[in-house]
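Peer 1: Structure incoming, see below.
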Amino acid sequence: MDNSAKSQANTTSARKRTAVLAVHGIGNQRALETVRGVAAAVTLGQTGFWLHPERSGIDVDLSVLTAKVDDRRDVDFHELYWAHLMSETRAIAVILWLFELVSKGPLLRRGMNAVWWGSATFVCAAVASVTLICIHIIQRFAQAVDEPAALILAPMLIICAAAAYAGLASLLQRAWIIATITLLAALLFGGALYYGLNSDDLGHLTALFLPALASLFVIWVIMGGWGVLVFTITYLVTNIALMVVLNVRYQIYWDRDNIIADIISHRWIPFLTPEWQPFWKVWHEGWIVWSLTEHWSLIIACSILIVYLALNGLFLQSYLGDAARYFRNSPGNVGVRREIRKQAVATLAALHESGLYDRIVIVAHSLGSVIAYDMMRAYFSRVCDDFPAPDRLGAIVERIDRFELDGATKNDPEALARKREEFRILSRALTAEMAQCRSDPSKPGMKRWLVTDFITLGSPLTHAQYLMCLGNSLEELAKDFSRRVDEREFPTCPPELNRSSPNRLLFNPGDGVRFHHGGLFGFTRWTNLYFPMHELFWGDPIGGTVSDLFGPFVLDTKVSVRERKRAKDVLFSHTYYWDGTWPGGFSAPHIKALEAAVDLKEATRTNRPYGI
């Protein structure tokens with residue numbers, strides 16, 4: 001081999017490689033769609049790529065994009081693709097998840113509760129619509145059009161008979177308490193049945209209020225007290241709106257010159273007597289929303305269901321379906337979530353064990369950021385016991401482990417920014433030292449951690465308390481989140497101080513050899529990019545700050561697609577984080593922010609980052 005060939009071979013062997021692992025978000029994602037966008041953004045659209053299958057040769061659909069950073073470093077862009085693992089039965093999953101979110105109440109972050117109220121109102125209206133249509137079907141099928149009271153009396157007869165039978169059976173078994181309760185129930189329902197058979201008003205009352213009461217009961221069972229509150233408000237407001245429509249159409253009449261005075265002047269007259277025409281006629285004609293006698297109600301119910309089916313096809317199933325399957329803790333979702341995490345951890349392990357890389361950057365969007373967070377904490381906990389001995393990593397370990405952040409610094413933005421940058425420098429240096437560690441004969445199973453940066457885009461982790469914790473109040477959700485952090489289920493940045501030894505971040509008390517699994521973000525920097533939200537629809541309602549939940553050393557960065565800051569510059573910008581089609585192209589502020597966070601050339605500037 002001549003000298004030039006030897007020189008070229010040496011140059012090739014000396015080249016370093018960075019891996020960027022992109023994790024896509026919700027929706028009908030196509031393989032490589034997200035990673036192509038991220039790769040173009042972090043290279044500012046100036047670098048050409050070549051495509052090749054991943055080295056195992058198992059999956060040619062998920063090719064690797066490779067680009068040249070400079071003469072010393074290449075970068076491979078990989079994608080963690082998980083959309084195909086989601087089950088197709090998403091429609092029921094979405095509605096069940098929405099029921100659970102409604103039952104929690106409006107406990108989202110400030111500015112998002114209006115979304116909860118709107119969603120809860122629509123969900124309650126949809127349940128009431130289904131109930132009304134079902135009752136109409138039963139009424140027609142049973143040919144009980146002329147006797148609406150049968151819709152109440154028939155079930156009442158069944159309940160009375162069942163309670164009487166249970167009571168008599170309990171007496172024979174000498175189960176006195178059960179016998180007493182069931183026989184009293186039989187007497188109660190029997191008395192109500194007898195009264196109903198002899199009542200002239202029961203049919204009218206049934207037609208007016210049975211659908212609403214049945215809806216209220218169903219909503220209470222599946223959505224709890226918050227659902228009852230929302231439906232009650234919706235029911236009252238809708239009936240007031242119907243009264244206004246009836247007044248405009250001259251079907252009822254208020255004094256149009258002074259409606260308030262008209263209502264006040266008749267405050268002592270019962271609503272069911274004809275002295276005051278509006279309410280008496282509404283009652284007499286049965287013009288009440290969600291009743292069997294108000295024909296607009298059936299049309300409205302059908303319209304609501306058509307809108308729901310359209311939304312489900314266009315948005316709910318294809319987008320919220322993934323989130324519903326991943327966040328909802330039901331037995332049917334465990335298998336899907338476990339398989340996604342399993343393949344995610346396997347992907348991260350393969351990157352570490354390939355021996356090709358000295359730096360790994362994870363860029364995760366939307367729900368993908370939650371999956372990536374789970375992937376990182378799972379893999380870190382698997383390998384942290386087998387990291388190199390702390391004395392092989394130098395004094396940086398001690399500096400991070402004893403890093404202090406007092407309360408005064410937390411309340412001073414400038415001091416906090418300085419502390420955060422100091423900690424991020426130390427974290428990067430620690431990972432660089434680990435990347436340079438070679439195998440240790442005394443520790444044959446030694447593992448390394450090479451993830452220098454975790455970059456989240458539009459992350460729902462900003463709503464982690466609401467989506468990932470248990471509780472029916474802000475206090476309960478915050479307490480459950482704190483418990484999970486304290487138990488090291490949720491790693492924070494910086495790592496949570498050890499309970500038994502409050503000045504230790506990376507080690508357990510008395511154990512200076514093995515790193516504990518809660519110290520993930522002592523090694524990895526976390527940068528969170530988000531479009532600030534304005535008036536619900538401008539900006540990104542899914543993303544937001546995460547440092548107030550996951551630690552003050554998370555670098556939250558506001559981004560915009562425009563150089564000129566405006567309050568409402570982008571409508572629903574959740575998918576624009578790597579979009580280079582806005583004015584300025586790949587020089588737009590949001591692209592520059594992503595490029596700076598990944599910083600592909602950072603590892604080539606110095607062997608020991610930032611001079612440490």
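Ordered as shown in the structure tokens, chains take letters A, B, and onward, while each chain numbers its residues from 1 and ligands are numbered from 1 in the order shown.
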Using DSSP on the backbone coordinates, identify the residues of region 317-452 of chain A assigned to alpha helix (DSSP H); present them as a ChimeraX atom specification.
Peer 2: /A:321-327,331-353,367-383,396-401,407-410,413-436
Peer 1: Would you kindly return, as an MDAnalysis selection string, each protein, DNA or RNA residue with an atom no farther than 8 Å from any atom of Ile591 (chain A), considering only C-alpha atoms and excluding same-chain residues fewer than 3 positions away?
Peer 2: chainID A and resid 41:42 44 561 577:580 586:588 594:595
Peer 1: Would you write out those residues with C-alpha atoms, as an mmCIF file, in the first residue's frame?
Peer 2:
```
data_model
loop_
_atom_site.group_PDB
_atom_site.id
_atom_site.type_symbol
_atom_site.label_atom_id
_atom_site.label_comp_id
_atom_site.auth_asym_id
_atom_site.auth_seq_id
_atom_site.Cartn_x
_atom_site.Cartn_y
_atom_site.Cartn_z
ATOM 1 C CA ALA A 41 -33.025 20.804 10.241
ATOM 2 C CA VAL A 42 -29.963 20.035 12.382
ATOM 3 C CA LEU A 44 -29.484 23.511 8.280
ATOM 4 C CA VAL A 561 -40.945 30.391 13.176
ATOM 5 C CA TYR A 577 -40.251 22.101 14.981
ATOM 6 C CA TRP A 578 -38.144 20.937 12.001
ATOM 7 C CA ASP A 579 -40.230 22.512 9.232
ATOM 8 C CA GLY A 580 -37.909 24.542 6.995
ATOM 9 C CA PHE A 586 -33.410 26.713 7.504
ATOM 10 C CA SER A 587 -32.305 30.009 9.027
ATOM 11 C CA ALA A 588 -35.658 30.467 10.785
ATOM 12 C CA LEU A 594 -32.954 22.799 17.127
ATOM 13 C CA GLU A 595 -29.593 22.886 15.346
#
```
Peer 1: Could you pull out the residues in region 214-419 of chain A that DSSP calls strand (DSSP E or B) from the backbone, as number ranges by chain?
Peer 2: A: 359-365
Peer 1: Which residue gives the smallest distance to Val228 (chain A) among A:Gly394, A:Pro413, A:Gly518, A:Gly105, with only C-alpha atoms counted?
Peer 2: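 Closest to Val228 (chain A), using only C-alpha atoms: A:Gly105.
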Peer 1: Mind giving me the straight-line distance from CA of His295 (chain A) to CA of Thr238 (chain A) in Å, one decimal?
Peer 2: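 Rounded to one decimal, the two atoms are 14.3 Å apart.
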Peer 1: With only C-alpha atoms as the counted atoms, please give the residues lying no more than 9 Å from Leu600 (chain A), apart from itself and same-chain residues fewer than 5 positions off, as a list in words.
Peer 2: Thr18, Val42, Thr43, Val69, Arg73, Val75 and Glu595 of chain A
Peer 1: Do you have the CA of Trp176 (chain A)-CA of Ala163 (chain A) distance handy?
Peer 2: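 So the two atoms, CA of Trp176 (chain A) and CA of Ala163 (chain A), lie 14.1 Å apart.
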Peer 1: Using CA of Ser63 (chain A) and CA of Phe77 (chain A) as the two end points, give the distance in Å to one decimal.
Peer 2: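 Pair CA of Ser63 (chain A) / CA of Phe77 (chain A) returns 8.9 Å.
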Peer 1: Excluding same-chain residues fewer than 6 positions from Leu311 (chain A), what lies within 12 Å of it counting only C-alpha atoms, as an NGL selection string?
Peer 2: :A and (91 or 94-95 or 119 or 122-123 or 304-305 or 317-320)
Peer 1: Go ahead and write the residues just picked, all heavy atoms, as a compact mmCIF listing (two decimals), in the first residue's frame.
Peer 2:
```txt
# COMPACT_ATOMS: atom_id res chain seq x y z
N ALA A 91 -60.62 3.22 18.43
CA ALA A 91 -61.80 4.05 18.63
C ALA A 91 -62.32 3.93 20.05
O ALA A 91 -62.56 4.94 20.73
CB ALA A 91 -62.88 3.66 17.63
N VAL A 94 -59.90 5.51 22.60
CA VAL A 94 -59.97 6.97 22.68
C VAL A 94 -61.12 7.41 23.56
O VAL A 94 -60.94 8.25 24.46
CB VAL A 94 -60.10 7.58 21.27
CG1 VAL A 94 -60.38 9.07 21.36
CG2 VAL A 94 -58.84 7.34 20.46
N ILE A 95 -62.30 6.86 23.35
CA ILE A 95 -63.46 7.31 24.12
C ILE A 95 -63.32 6.95 25.59
O ILE A 95 -63.68 7.72 26.48
CB ILE A 95 -64.77 6.75 23.52
CG1 ILE A 95 -65.98 7.49 24.09
CG2 ILE A 95 -64.88 5.26 23.73
CD1 ILE A 95 -66.07 8.93 23.72
N SER A 119 -63.90 19.86 25.61
CA SER A 119 -63.91 18.42 25.34
C SER A 119 -64.92 17.70 26.23
O SER A 119 -65.65 16.82 25.76
CB SER A 119 -62.51 17.84 25.57
OG SER A 119 -61.56 18.47 24.74
N PHE A 122 -68.47 18.28 25.03
CA PHE A 122 -68.79 17.50 23.83
C PHE A 122 -68.97 16.03 24.16
O PHE A 122 -69.88 15.37 23.65
CB PHE A 122 -67.69 17.68 22.79
CG PHE A 122 -67.98 16.98 21.48
CD1 PHE A 122 -68.87 17.53 20.57
CD2 PHE A 122 -67.40 15.77 21.18
CE1 PHE A 122 -69.16 16.88 19.38
CE2 PHE A 122 -67.67 15.11 20.01
CZ PHE A 122 -68.56 15.67 19.10
N VAL A 123 -68.10 15.48 25.02
CA VAL A 123 -68.21 14.06 25.39
C VAL A 123 -69.52 13.80 26.12
O VAL A 123 -70.22 12.81 25.84
CB VAL A 123 -67.00 13.64 26.26
CG1 VAL A 123 -67.22 12.25 26.85
CG2 VAL A 123 -65.73 13.65 25.44
N ILE A 304 -74.73 15.57 16.63
CA ILE A 304 -73.57 15.43 17.51
C ILE A 304 -72.82 14.13 17.21
O ILE A 304 -71.59 14.10 17.16
CB ILE A 304 -74.00 15.49 18.99
CG1 ILE A 304 -74.44 16.92 19.34
CG2 ILE A 304 -72.88 15.02 19.92
CD1 ILE A 304 -75.01 17.05 20.73
N LEU A 305 -73.56 13.05 16.99
CA LEU A 305 -72.92 11.78 16.70
C LEU A 305 -72.22 11.81 15.34
O LEU A 305 -71.14 11.23 15.17
CB LEU A 305 -73.94 10.65 16.73
CG LEU A 305 -74.53 10.32 18.10
CD1 LEU A 305 -75.43 9.10 18.02
CD2 LEU A 305 -73.43 10.09 19.13
N GLN A 317 -59.03 9.19 16.28
CA GLN A 317 -58.47 7.85 16.19
C GLN A 317 -57.04 7.86 15.69
O GLN A 317 -56.18 7.14 16.20
CB GLN A 317 -59.34 6.97 15.30
CG GLN A 317 -58.89 5.51 15.27
CD GLN A 317 -59.90 4.62 14.58
OE1 GLN A 317 -61.04 5.00 14.38
NE2 GLN A 317 -59.48 3.42 14.21
N SER A 318 -56.76 8.70 14.72
CA SER A 318 -55.43 8.68 14.11
C SER A 318 -54.38 9.39 14.95
O SER A 318 -53.19 9.09 14.84
CB SER A 318 -55.48 9.33 12.71
OG SER A 318 -56.00 10.63 12.79
N TYR A 319 -54.79 10.34 15.80
CA TYR A 319 -53.83 11.09 16.60
C TYR A 319 -53.94 10.74 18.08
O TYR A 319 -52.98 10.26 18.70
CB TYR A 319 -54.02 12.59 16.39
CG TYR A 319 -53.56 13.05 15.03
CD1 TYR A 319 -54.43 13.10 13.96
CD2 TYR A 319 -52.24 13.40 14.80
CE1 TYR A 319 -54.01 13.50 12.69
CE2 TYR A 319 -51.80 13.80 13.55
CZ TYR A 319 -52.68 13.85 12.50
OH TYR A 319 -52.26 14.23 11.27
N LEU A 320 -55.11 10.96 18.67
CA LEU A 320 -55.26 10.67 20.09
C LEU A 320 -55.26 9.19 20.39
O LEU A 320 -55.05 8.78 21.53
CB LEU A 320 -56.56 11.30 20.63
CG LEU A 320 -56.59 12.83 20.72
CD1 LEU A 320 -57.84 13.27 21.45
CD2 LEU A 320 -55.36 13.38 21.40
```
Peer 1: Excluding region 385-391 of chain A and any residue of its chain fewer than 2 positions from it, enumerate the residues within 9 Å of it, using only C-alpha atoms, and give them as a VMD selection string.
Peer 2: chain A and resid 381 to 383 393 to 395 397 to 398 434 437 to 440 443 445 to 449 512 to 517
Peer 1: Excluding same-chain residues fewer than 6 positions from Leu107 (chain A), what lies within 7 Å of it counting only C-alpha atoms, as JSON, numbers by chain?
Peer 2: {"A": [113, 466, 473, 474]}
Peer 1: Output N, CA, C and O atoms for every residue in that selection, as a PDB file, in the first residue's frame.
Peer 2:
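Written out: selection.pdb:
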```
ATOM      1  N   ASN A 113     -57.244  24.586  30.540  1.00  0.00           N
ATOM      2  CA  ASN A 113     -58.492  24.094  31.116  1.00  0.00           C
ATOM      3  C   ASN A 113     -59.698  24.365  30.223  1.00  0.00           C
ATOM      4  O   ASN A 113     -60.694  23.647  30.278  1.00  0.00           O
ATOM      5  N   TYR A 466     -50.806  15.230  35.111  1.00  0.00           N
ATOM      6  CA  TYR A 466     -52.176  14.926  34.712  1.00  0.00           C
ATOM      7  C   TYR A 466     -52.271  13.613  33.948  1.00  0.00           C
ATOM      8  O   TYR A 466     -53.211  12.840  34.133  1.00  0.00           O
ATOM      9  N   SER A 473     -57.326  15.636  42.326  1.00  0.00           N
ATOM     10  CA  SER A 473     -57.140  17.047  42.638  1.00  0.00           C
ATOM     11  C   SER A 473     -55.700  17.409  42.329  1.00  0.00           C
ATOM     12  O   SER A 473     -54.832  16.523  42.179  1.00  0.00           O
ATOM     13  N   LEU A 474     -55.425  18.716  42.238  1.00  0.00           N
ATOM     14  CA  LEU A 474     -54.060  19.151  41.960  1.00  0.00           C
ATOM     15  C   LEU A 474     -53.102  18.684  43.044  1.00  0.00           C
ATOM     16  O   LEU A 474     -51.964  18.297  42.769  1.00  0.00           O
TER      17      LEU A 474
END
```
Peer 1: Could you check which of A:Ala212, A:Leu183, A:Leu205, A:Ile299 is closest to Glu285 (chain A), using only C-alpha atoms?
Peer 2: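 Closest to Glu285 (chain A) of all the choices is A:Leu205.
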Peer 1: When distances are computed from only C-alpha atoms, which of A:Arg562, A:Val485, A:Ser291, A:Ser129 shows the smallest separation from Val307 (chain A)?
Peer 2: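 The closest residue to Val307 (chain A) is A:Ser129.
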Peer 1: Using only C-alpha atoms for the distances, tell me which of A:Arg418, A:Val289, A:Ala435, A:Tyr530 is nearest to Glu353 (chain A).
Peer 2: A:Ala435
Peer 1: Considering only C-alpha atoms, state which residue in the set A:Ala22, A:Val451, A:Val554, A:Ala150 is at the smallest distance from Leu416 (chain A).
Peer 2: A:Val554
Peer 1: Between A:Ser330, A:Phe523, A:Thr293, A:Asp486, which residue has the minimum interatomic distance to Ile425 (chain A), considering only C-alpha atoms?
Peer 2: A:Phe523
